[in-house]
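Enquirer: Please find one structure pasted underneath; my questions will follow.
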Amino acid sequence: MRVHVMVLVAAVLVAGPALAQTTPMSATDQAAIVAPVQKAVVRALNFDRGDVERLKGAKDDFTPEGWREFMKRLDGWLDDKGAPTFSSSFVPSGDATILGQGDGALHVVIRGTLKHSQNASTTTYPIVIEVRAGGTPLKIEHLEQTVCIGAKTTPCQ
């Protein structure tokens with residue numbers, strides 16, 4: 001019995017420092033993790049009217065399901081060749097915020113400005129993009145846009 005207790009105490013003493021090393025991630029480390037996801041979001045939300053190749057150029061940044069979900073949100077805004085019928089421009093405002101991370105998944109929020117143009121009409125919105133990405137390399141599994149004009153939803157606050 002005494003040997004078991006000593007082994008247990010030794011295991012705790014050896015593992016203790018490793019368990020205690022849960023220092024917060026530095027801003028530089030966070031930026032390095034988030035940068036590829038933020039670039040992918042910018043690629044996905046920046047396209048020109050009629051330019052199907054530029055829109056589809058973002059496809060590799062998504063999982064197959066994530067791309068289907070993203071394209072479904074464009075239903076009604078694509079011509080018969082799959083080209084967008086409007087132009088879109090997203091500019092992040094500051095660094096992305098990591099909401100959660102673990103098991104090869106990343107959940108981030110990116111704040112910025114989204115500008116849509118169609119014919120002679122242009123509208124600019126403050127927006128929050130919520131992204132879940134996973135895998136190696138990270139690919140977008142879910143991208144949700146929340147316009148923050150008068151919105152009292154959590155991502156906009």
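All residue names refer to the structure tokens as shown: chains lettered A, B, ... in order, residues numbered from 1 in each chain, ligands numbered from 1 in order.
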Would you kindly return, as a list in words, each protein, DNA or RNA residue with an atom no farther than 12 Å from any atom of A:Gly112, considering only C-alpha atoms and excluding same-chain residues fewer than 6 positions away?
Expert: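 The residues that qualify are Gln38, Val41, Val42, Leu45, Ser89, Phe90, Val91, Pro92, Ser93, Gly94, Asp95, Ala96, Thr124, Tyr125, Pro126, Ile127, Val128, Ile129, Glu130, Gln145, Thr146, Val147, Cys148, Pro155 and Cys156 of chain A.
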Enquirer: Using DSSP assignments from the backbone, pull out every residue in stretch 62-123 of chain A that falls under alpha helix (DSSP H) and give it to me as a list of chain:residue names.
Expert: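 Filtering stretch 62-123 of chain A down to alpha helix (DSSP H) leaves A:Pro64, A:Glu65, A:Gly66, A:Trp67, A:Arg68, A:Glu69, A:Phe70, A:Met71, A:Lys72.
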Enquirer: Apply DSSP to the structure's backbone, then extract all residues of stretch 14-125 of chain A labelled strand (DSSP E or B) and return them as a PyMOL selection string.
Expert: chain A and resi 47+62+78+84+87-92+97-102+105-118+121-125
Enquirer: So that I can see what lies close to stretch 83-86 of chain A, please list as a list in words the residues with an atom at most 10 Å from it, counting only C-alpha atoms and leaving out residues fewer than 5 positions away in the same chain.
Expert: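 My reading of the contact set: Phe47, Asp48, Arg49, Gly50, Asp51, Val52, Glu53, Arg54, Leu55, Lys56, Leu74, Asp75, Gly76, Trp77, Leu78, His116, Ser117, Gln118, Asn119, Ser121 and Thr122 of chain A.
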Enquirer: Next, write the just-selected residues to a file, as a PDB file, in the first residue's frame, keeping N, CA and C atoms as the atom set.
Expert:
ATOM      1  N   PHE A  47     -15.728  39.869 -53.822  1.00  0.00           N
ATOM      2  CA  PHE A  47     -15.902  39.411 -55.200  1.00  0.00           C
ATOM      3  C   PHE A  47     -16.621  40.493 -55.987  1.00  0.00           C
ATOM      4  N   ASP A  48     -16.506  40.399 -57.299  1.00  0.00           N
ATOM      5  CA  ASP A  48     -17.109  41.383 -58.187  1.00  0.00           C
ATOM      6  C   ASP A  48     -18.280  40.786 -58.942  1.00  0.00           C
ATOM      7  N   ARG A  49     -19.211  41.636 -59.260  1.00  0.00           N
ATOM      8  CA  ARG A  49     -20.378  41.234 -60.038  1.00  0.00           C
ATOM      9  C   ARG A  49     -19.911  40.566 -61.337  1.00  0.00           C
ATOM     10  N   GLY A  50     -20.477  39.396 -61.602  1.00  0.00           N
ATOM     11  CA  GLY A  50     -20.187  38.670 -62.839  1.00  0.00           C
ATOM     12  C   GLY A  50     -18.912  37.848 -62.821  1.00  0.00           C
ATOM     13  N   ASP A  51     -18.109  37.919 -61.757  1.00  0.00           N
ATOM     14  CA  ASP A  51     -16.818  37.221 -61.714  1.00  0.00           C
ATOM     15  C   ASP A  51     -16.946  35.910 -60.939  1.00  0.00           C
ATOM     16  N   VAL A  52     -17.397  34.869 -61.635  1.00  0.00           N
ATOM     17  CA  VAL A  52     -17.599  33.566 -60.996  1.00  0.00           C
ATOM     18  C   VAL A  52     -16.269  32.968 -60.535  1.00  0.00           C
ATOM     19  N   GLU A  53     -15.190  33.220 -61.268  1.00  0.00           N
ATOM     20  CA  GLU A  53     -13.891  32.637 -60.902  1.00  0.00           C
ATOM     21  C   GLU A  53     -13.375  33.203 -59.582  1.00  0.00           C
ATOM     22  N   ARG A  54     -13.546  34.487 -59.372  1.00  0.00           N
ATOM     23  CA  ARG A  54     -13.091  35.087 -58.106  1.00  0.00           C
ATOM     24  C   ARG A  54     -13.896  34.540 -56.937  1.00  0.00           C
ATOM     25  N   LEU A  55     -15.210  34.403 -57.117  1.00  0.00           N
ATOM     26  CA  LEU A  55     -16.050  33.834 -56.066  1.00  0.00           C
ATOM     27  C   LEU A  55     -15.625  32.400 -55.778  1.00  0.00           C
ATOM     28  N   LYS A  56     -15.474  31.604 -56.807  1.00  0.00           N
ATOM     29  CA  LYS A  56     -15.098  30.191 -56.612  1.00  0.00           C
ATOM     30  C   LYS A  56     -13.661  30.027 -56.143  1.00  0.00           C
ATOM     31  N   LEU A  74     -26.186  32.565 -50.917  1.00  0.00           N
ATOM     32  CA  LEU A  74     -26.151  33.404 -52.119  1.00  0.00           C
ATOM     33  C   LEU A  74     -27.251  33.041 -53.109  1.00  0.00           C
ATOM     34  N   ASP A  75     -28.087  32.047 -52.753  1.00  0.00           N
ATOM     35  CA  ASP A  75     -29.226  31.696 -53.615  1.00  0.00           C
ATOM     36  C   ASP A  75     -30.036  32.948 -53.929  1.00  0.00           C
ATOM     37  N   GLY A  76     -30.371  33.108 -55.200  1.00  0.00           N
ATOM     38  CA  GLY A  76     -31.139  34.271 -55.629  1.00  0.00           C
ATOM     39  C   GLY A  76     -30.257  35.456 -55.992  1.00  0.00           C
ATOM     40  N   TRP A  77     -28.971  35.359 -55.690  1.00  0.00           N
ATOM     41  CA  TRP A  77     -28.026  36.437 -55.976  1.00  0.00           C
ATOM     42  C   TRP A  77     -26.943  35.998 -56.955  1.00  0.00           C
ATOM     43  N   LEU A  78     -27.188  34.852 -57.620  1.00  0.00           N
ATOM     44  CA  LEU A  78     -26.254  34.338 -58.624  1.00  0.00           C
ATOM     45  C   LEU A  78     -26.980  34.239 -59.957  1.00  0.00           C
ATOM     46  N   HIS A 116     -21.890  46.261 -50.195  1.00  0.00           N
ATOM     47  CA  HIS A 116     -22.533  45.587 -51.333  1.00  0.00           C
ATOM     48  C   HIS A 116     -22.897  46.631 -52.372  1.00  0.00           C
ATOM     49  N   SER A 117     -22.607  46.315 -53.629  1.00  0.00           N
ATOM     50  CA  SER A 117     -22.951  47.209 -54.740  1.00  0.00           C
ATOM     51  C   SER A 117     -23.677  46.411 -55.809  1.00  0.00           C
ATOM     52  N   GLN A 118     -24.756  46.988 -56.284  1.00  0.00           N
ATOM     53  CA  GLN A 118     -25.512  46.369 -57.377  1.00  0.00           C
ATOM     54  C   GLN A 118     -26.070  47.505 -58.231  1.00  0.00           C
ATOM     55  N   ASN A 119     -25.677  47.484 -59.506  1.00  0.00           N
ATOM     56  CA  ASN A 119     -26.049  48.561 -60.419  1.00  0.00           C
ATOM     57  C   ASN A 119     -25.591  49.887 -59.821  1.00  0.00           C
ATOM     58  N   SER A 121     -26.671  51.171 -56.945  1.00  0.00           N
ATOM     59  CA  SER A 121     -26.939  51.176 -55.511  1.00  0.00           C
ATOM     60  C   SER A 121     -25.759  50.576 -54.730  1.00  0.00           C
ATOM     61  N   THR A 122     -25.378  51.247 -53.660  1.00  0.00           N
ATOM     62  CA  THR A 122     -24.313  50.759 -52.779  1.00  0.00           C
ATOM     63  C   THR A 122     -24.771  50.912 -51.337  1.00  0.00           C
TER      64      THR A 122
END
Enquirer: Pick out the closest residue to A:Thr113 from this set: A:Thr97, A:Asn46, A:Arg132, A:Val37. Count only C-alpha atoms.
Expert: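 Under the stated criterion, the closest residue is A:Asn46.
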Enquirer: Using only C-alpha atoms, pick whichever of A:Ile149, A:Lys139, A:Ala105, A:Val34 has the shortest atom-to-atom distance to A:Lys59.
Expert: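 Using only C-alpha atoms, the shortest distance to A:Lys59 belongs to A:Lys139.
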Enquirer: Tell me which of A:Ala32, A:Ala133, A:Leu143, A:Ala120 sits closest to A:Gly104, counting only C-alpha atoms.
Expert: A:Ala133
Enquirer: I'd like the contact shell of A:Ala58 - 8 Å cut-off, only C-alpha atoms, skipping same-chain residues fewer than 3 positions apart - returned as a ChimeraX atom specification.
Expert: /A:40,43-44,54-55,61-62
Enquirer: If you count only C-alpha atoms, which residues fall within 12 Å of A:Gly102, apart from same-chain ones fewer than 4 positions away, as a ChimeraX atom specification?
Expert: /A:98,106-107,132-135
Enquirer: Hey, can you spit out that residue selection with N, CA, C and O atoms as a short mmCIF file (atom, residue, chain, number, x, y, z; two decimals), in the first residue's frame?
Expert:
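In the end it all went to again22.cif:
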data_model
loop_
_atom_site.label_atom_id
_atom_site.label_comp_id
_atom_site.auth_asym_id
_atom_site.auth_seq_id
_atom_site.Cartn_x
_atom_site.Cartn_y
_atom_site.Cartn_z
N ILE A 98 -10.80 35.27 -30.68
CA ILE A 98 -10.99 33.83 -30.54
C ILE A 98 -12.03 33.59 -29.46
O ILE A 98 -11.85 34.00 -28.32
N LEU A 106 -11.52 25.88 -34.34
CA LEU A 106 -11.33 27.27 -33.95
C LEU A 106 -12.65 28.00 -34.18
O LEU A 106 -13.29 27.83 -35.22
N HIS A 107 -13.05 28.80 -33.22
CA HIS A 107 -14.29 29.58 -33.30
C HIS A 107 -13.89 31.04 -33.09
O HIS A 107 -13.38 31.40 -32.03
N ARG A 132 -16.48 29.21 -37.73
CA ARG A 132 -15.95 27.97 -37.14
C ARG A 132 -15.09 27.32 -38.20
O ARG A 132 -15.53 27.15 -39.35
N ALA A 133 -13.88 26.99 -37.84
CA ALA A 133 -12.95 26.35 -38.77
C ALA A 133 -12.34 25.14 -38.10
O ALA A 133 -12.21 25.09 -36.87
N GLY A 134 -11.97 24.16 -38.89
CA GLY A 134 -11.37 22.96 -38.34
C GLY A 134 -10.47 22.28 -39.35
O GLY A 134 -10.43 22.64 -40.52
N GLY A 135 -9.76 21.28 -38.88
CA GLY A 135 -8.88 20.50 -39.74
C GLY A 135 -7.48 21.07 -39.82
O GLY A 135 -7.14 22.05 -39.19
#
